[in-house]
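Everything on this sheet refers to the single structure shown next.
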Amino acid sequence: MHPPSVDALARSLADVELPPPLLVDAAREAIAAGDPESARARAEDIQRALLRRVVNATGVLLHTNLGRAPLEVHQAAEYTNLELDLATGRRGSRHAHVGRLLARLCGAQAAMVVNNNAAAVLLVVAALADGRDVLVSRGESVEIGGGFRVPEIVAQSGARLVDVGTTNRTRRADYERARAGADVALILKVHPSNFRVQGFTADASIGDLAGLGVPVVHDLGSGLLDAACPWLAAGPPAWLRDEPAARQSLAAGATAVTFSGDKLLGGPQAGVIAGSADMVAACAAHPLARALRPGALVLGALQEVALAYLRRDGDAIPFWQLATLPVAELEARAHRLGAGTVVACESLPGAGSLPGIAIPSAGVSVAGDHTARMRAADPPVIARVADGRTLCDLRAVDPADDAHLAASLRSLTSWPS
């Protein structure tokens with residue numbers, strides 16, 4: 001029996017929401033495999049692999065696999081003054097618009113934006129320390145997700161890394177000794193991100209390091225702007241304790257800070273460099289700046305986030321709205337789902353922010369591992385397994401998705417009432 005033609009098989013898949021060329025690919029692959037009946041499954045696999053909306057029931061607010069901070073962005077098909085100075089009519093700088101706002105928020109003289117925080121660290125070190133020494137505590141010479149390693153970033157910048165102190169204890173005196181006889185361009189203090197050193201520990205503060213007469217760059221990583229959280233009516237939540245913030249680091253004497261746009265800042269993926277005007281100007285003038293710069297879509301989205309902070313409107317930033325929801329509200333929603341067992345649970349900030357810190361939450365659980373079936377829902381529900389039960393934490397779930405989550409849970413045949 002002759003197999004169907006590729007065209008006929010592709011046309012039979014017209015109800016799968018894919019452009020015709022992709023349906024043809026699925027049909028051709030199925031016929032080549034000698035299994036025309038698999039064409040629909042192949043087309044659906046292609047569709048499933050595309051970027052799409054998911055319901056985050058993992059309890060991890062800044063889930064790297066799910067795009068980190070949720071952010072609603074609308075961009076009309078129109079031109080902007082991205083690199084035009086409207087006052088003079090001459091070419092301007094794409095760093096000026098949102099950079100001015102971020103500098104105001106951080107208490108810095110200037111700021112600029114690049115693609116992500118790894119790019120921010122790379123650019124600062126390349127611009128300020130090429131061919132010279134950079135002091136880094138051994139306890140901060142870390143690797144975080146995606147293979148970002150501080151020693152490799154420093155090497156790529158053209159600088160030389162000088163290890164200081166020990167893994168668990170590094171004092172100001174250790175930096176003083178390392179500086180002797182070295183050509184030190186800057187001290188790089190790095191947020192430990194995904195881990196926390198506890199017990200017999202010591203580290204030098206920004207204030208301690210600022211007195212050494214060497215520029216200090218503080219890689220904050222997570223992107224907390226201000227420890228006082230003036231954008232939250234209730235002030236900083238307890239789980240933010242001890243998290244370093246940009247405004248306080250600069251006030252303590254840091255020459256510059258770098259941080260992510262899509263972590264605690266709650267914006268799009270980006271990296272921010274904020275600090276002295278001379279330092280930011282040196283970064284902007286470096287050849288790498290052009291390769292690392294973001295486009296108008298990212299800058300526009302980040303501008304809206306910065307304006308919300310300046311208005312002290314934390315509710316306009318989805319991350320902060322989700323992170324500060326009262327547990328009682330989450331418990332009430334869990335009961336209204338009418339599916340699964342209502343449980344207390346703990347959410348995580350995620351994405352390397354606040355390691356070891358949990359946020360009280362509530363959700364529902366179902367006996368057994370049903371995560372694969374829930375991922376097959378439309379839209380997919382991403383849950384986690386704990387103690388042999390599927391757990392759906394409601395802290396990162398939009399209330400508008402509660403009905404869909406309830407239906408997904410009820411579709412499971414083995415959950416107890």
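By order in the structure tokens, chains are A, B, ...; within a chain, residues start at 1; ligands start at 1, following the order shown.
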
Determine, for each residue of region 119-231 of chain A having at least one atom at most 6 Å from an atom of region 259-276 of chain A, the closest pair of atoms and their separation in Å to one decimal, counting only C-alpha atoms; order by chain and ascending number, as a Markdown table.
| residue | atom | partner | partner_atom | distance |
| --- | --- | --- | --- | --- |
| A:Ala120 | CA | A:Gly271 | CA | 5.4 |
| A:Leu220 | CA | A:Phe259 | CA | 5.2 |
| A:Gly221 | CA | A:Phe259 | CA | 4.4 |
| A:Ser222 | CA | A:Lys263 | CA | 5.4 |
| A:Gly223 | CA | A:Phe259 | CA | 4.8 |
| A:Leu224 | CA | A:Leu264 | CA | 5.4 |

With C-alpha atoms retained, write the just-selected residues as a PDB file, in the first residue's frame.
ATOM      1  CA  ALA A 120      26.940  43.845  33.159  1.00  0.00           C
ATOM      2  CA  LEU A 220      24.227  42.342  43.675  1.00  0.00           C
ATOM      3  CA  GLY A 221      22.774  39.818  41.255  1.00  0.00           C
ATOM      4  CA  SER A 222      19.183  39.806  42.487  1.00  0.00           C
ATOM      5  CA  GLY A 223      18.331  43.457  41.895  1.00  0.00           C
ATOM      6  CA  LEU A 224      16.796  44.767  45.121  1.00  0.00           C
TER       7      LEU A 224
END

Can you list every residue in region 96-322 of chain A that DSSP puts in strand (DSSP E or B), as a JSON list (two decimals) with C-alpha atoms, in the first residue's frame?
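What follows is the written file states-v1.json:
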[["chain", "number", "residue", "atom", "x", "y", "z"],
["A", 110, "ALA", "CA", 24.36, 57.42, 36.24],
["A", 111, "ALA", "CA", 23.17, 54.03, 35.02],
["A", 112, "MET", "CA", 23.01, 51.99, 31.84],
["A", 113, "VAL", "CA", 21.37, 48.75, 30.71],
["A", 114, "VAL", "CA", 22.80, 45.68, 28.97],
["A", 133, "ASP", "CA", 44.21, 42.78, 38.69],
["A", 134, "VAL", "CA", 40.75, 42.28, 40.19],
["A", 135, "LEU", "CA", 40.45, 41.20, 43.83],
["A", 136, "VAL", "CA", 37.70, 38.64, 44.58],
["A", 137, "SER", "CA", 37.10, 36.78, 47.85],
["A", 143, "GLU", "CA", 29.27, 29.59, 39.71],
["A", 144, "ILE", "CA", 25.56, 30.23, 39.26],
["A", 148, "PHE", "CA", 28.20, 31.74, 34.89],
["A", 149, "ARG", "CA", 31.55, 31.48, 36.68],
["A", 160, "ARG", "CA", 43.54, 39.00, 36.08],
["A", 161, "LEU", "CA", 41.66, 37.52, 39.04],
["A", 162, "VAL", "CA", 43.43, 37.60, 42.40],
["A", 163, "ASP", "CA", 41.92, 35.29, 45.03],
["A", 164, "VAL", "CA", 41.57, 36.85, 48.47],
["A", 169, "ARG", "CA", 36.37, 33.97, 56.07],
["A", 184, "VAL", "CA", 44.79, 46.36, 41.35],
["A", 185, "ALA", "CA", 42.14, 48.05, 39.23],
["A", 186, "LEU", "CA", 39.12, 47.16, 41.35],
["A", 187, "ILE", "CA", 37.62, 44.99, 44.04],
["A", 188, "LEU", "CA", 34.70, 42.84, 42.90],
["A", 189, "LYS", "CA", 32.27, 41.82, 45.64],
["A", 190, "VAL", "CA", 29.88, 39.13, 44.42],
["A", 202, "ALA", "CA", 33.39, 36.49, 58.07],
["A", 216, "VAL", "CA", 34.61, 48.65, 44.58],
["A", 217, "VAL", "CA", 32.08, 47.02, 42.26],
["A", 218, "HIS", "CA", 29.25, 45.18, 44.01],
["A", 219, "ASP", "CA", 27.59, 42.49, 41.91],
["A", 220, "LEU", "CA", 24.23, 42.34, 43.67],
["A", 221, "GLY", "CA", 22.77, 39.82, 41.26],
["A", 256, "ALA", "CA", 29.23, 50.73, 41.02],
["A", 257, "VAL", "CA", 26.61, 48.05, 41.43],
["A", 258, "THR", "CA", 25.38, 45.52, 38.88],
["A", 259, "PHE", "CA", 22.15, 43.53, 39.03],
["A", 260, "SER", "CA", 19.54, 41.66, 37.01],
["A", 271, "GLY", "CA", 21.52, 43.80, 33.36],
["A", 272, "VAL", "CA", 21.90, 47.15, 35.09],
["A", 273, "ILE", "CA", 25.12, 49.03, 35.81],
["A", 274, "ALA", "CA", 24.70, 51.96, 38.20],
["A", 275, "GLY", "CA", 27.30, 54.12, 39.89]]

Could you make a table, as a Markdown table, of the residues of region 242-327 of chain A that have an atom within 12 Å of an atom of region 83-88 of chain A, each with its nearest atom pair and distance in Å to one decimal, counting only C-alpha atoms, in chain and number order?
| residue | atom | partner | partner_atom | distance |
| --- | --- | --- | --- | --- |
| A:Gly295 | CA | A:Glu83 | CA | 10.8 |
| A:Ala296 | CA | A:Glu83 | CA | 9.6 |
| A:Leu299 | CA | A:Glu83 | CA | 11.7 |

Taking a cut-off of 8 Å and counting only C-alpha atoms, can you build a table that, for each residue of region 281-345 of chain A near region 125-132 of chain A, reports the nearest atom pair and how far apart they are in Å (one decimal), sorted by chain then residue number, as JSON lines?
{"residue": "A:Ala282", "atom": "CA", "partner": "A:Ala127", "partner_atom": "CA", "distance": 6.1}
{"residue": "A:Cys283", "atom": "CA", "partner": "A:Ala127", "partner_atom": "CA", "distance": 5.4}
{"residue": "A:His286", "atom": "CA", "partner": "A:Ala127", "partner_atom": "CA", "distance": 6.0}

Emit the selected residues as a short mmCIF file (atom, residue, chain, number, x, y, z; two decimals), in the first residue's frame, including C-alpha atoms.
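Result written to part.cif:
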data_model
loop_
_atom_site.label_atom_id
_atom_site.label_comp_id
_atom_site.auth_asym_id
_atom_site.auth_seq_id
_atom_site.Cartn_x
_atom_site.Cartn_y
_atom_site.Cartn_z
CA ALA A 282 33.73 54.27 30.57
CA CYS A 283 31.42 51.27 30.25
CA HIS A 286 33.81 50.34 25.63
#

Check your understanding: Neighbours of Tyr309 (chain A) within 8 Å (only C-alpha atoms; same-chain residues fewer than 5 positions away dropped), as a list in words?
Key ->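 In the requested form, the answer reads Leu105, Trp231 and Gly314 of chain A.
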
For the selection you just gave me, I'd like the residues written to a file as a PDB file, in the first residue's frame, keeping C-alpha atoms.
ATOM      1  CA  LEU A 105      16.117  54.908  42.066  1.00  0.00           C
ATOM      2  CA  TRP A 231       7.115  50.872  46.873  1.00  0.00           C
ATOM      3  CA  GLY A 314       4.445  48.009  44.001  1.00  0.00           C
TER       4      GLY A 314
END

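Excluding Ile31 (chain A) itself and same-chain residues fewer than 6 positions from it, the residues having an atom within 8 Å of it are Pro3, Pro4, Val6 and Ala39 of chain A, counting only C-alpha atoms.
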
Review point. From the list A:Ala57, A:Ala254, A:Leu405, A:Ala32, which residue is nearest Leu348 (chain A) when using only C-alpha atoms?
Key: A:Ala57

Practice item. Between A:Pro360, A:Gly213, A:Pro326, A:Pro70, single out the one closest to Ala234 (chain A), counting only C-alpha atoms. Key: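 Among the listed residues, the smallest separation from Ala234 (chain A) belongs to A:Pro326.
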
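Using only C-alpha atoms for every distance, the candidate list A:Pro36, A:Gly300, A:Gly211, A:Gly92 yields A:Gly211 as the residue closest to Thr255 (chain A).
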
Point to revise | Length of the CA of Leu9 (chain A) to CA of Ala43 (chain A) vector [Å] | key: 11.2 Å

Practice item. Between A:Ala376, A:Ala344, A:Cys106, A:Ile357, single out the one closest to Ala306 (chain A), counting only C-alpha atoms. Key: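 Comparing A:Ala376, A:Ala344, A:Cys106, A:Ile357 against Ala306 (chain A), the winner is A:Cys106.
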
List every residue of region 61-149 of chain A that has an atom at most 10 Å from any atom of region 246-253 of chain A, and for each one report the closest atom pair and its distance in Å to one decimal, counting only C-alpha atoms, with rows sorted by chain and then by increasing residue number, as a Markdown table.
| residue | atom | partner | partner_atom | distance |
| --- | --- | --- | --- | --- |
| A:Ala103 | CA | A:Arg247 | CA | 9.4 |
| A:Arg104 | CA | A:Arg247 | CA | 9.5 |
| A:Leu105 | CA | A:Arg247 | CA | 7.5 |
| A:Cys106 | CA | A:Arg247 | CA | 4.5 |
| A:Gly107 | CA | A:Arg247 | CA | 5.6 |
| A:Ala108 | CA | A:Leu250 | CA | 7.0 |
| A:Gln109 | CA | A:Leu250 | CA | 10.0 |

For the residues in that selection, give me N, CA and C atoms as a tab-separated table (two decimals), in the first residue's frame.
chain	number	residue	atom	x	y	z
A	103	ALA	N	19.14	55.34	37.75
A	103	ALA	CA	20.11	56.06	38.58
A	103	ALA	C	19.39	56.77	39.73
A	104	ARG	N	18.26	57.38	39.42
A	104	ARG	CA	17.47	58.06	40.46
A	104	ARG	C	17.01	57.08	41.53
A	105	LEU	N	16.60	55.91	41.12
A	105	LEU	CA	16.12	54.91	42.07
A	105	LEU	C	17.24	54.36	42.94
A	106	CYS	N	18.44	54.24	42.38
A	106	CYS	CA	19.56	53.66	43.11
A	106	CYS	C	20.34	54.70	43.92
A	107	GLY	N	20.09	55.97	43.69
A	107	GLY	CA	20.91	56.99	44.31
A	107	GLY	C	22.28	57.08	43.66
A	108	ALA	N	22.34	56.76	42.36
A	108	ALA	CA	23.60	56.79	41.62
A	108	ALA	C	23.69	58.04	40.75
A	109	GLN	N	24.90	58.35	40.30
A	109	GLN	CA	25.07	59.46	39.37
A	109	GLN	C	24.57	59.11	37.98
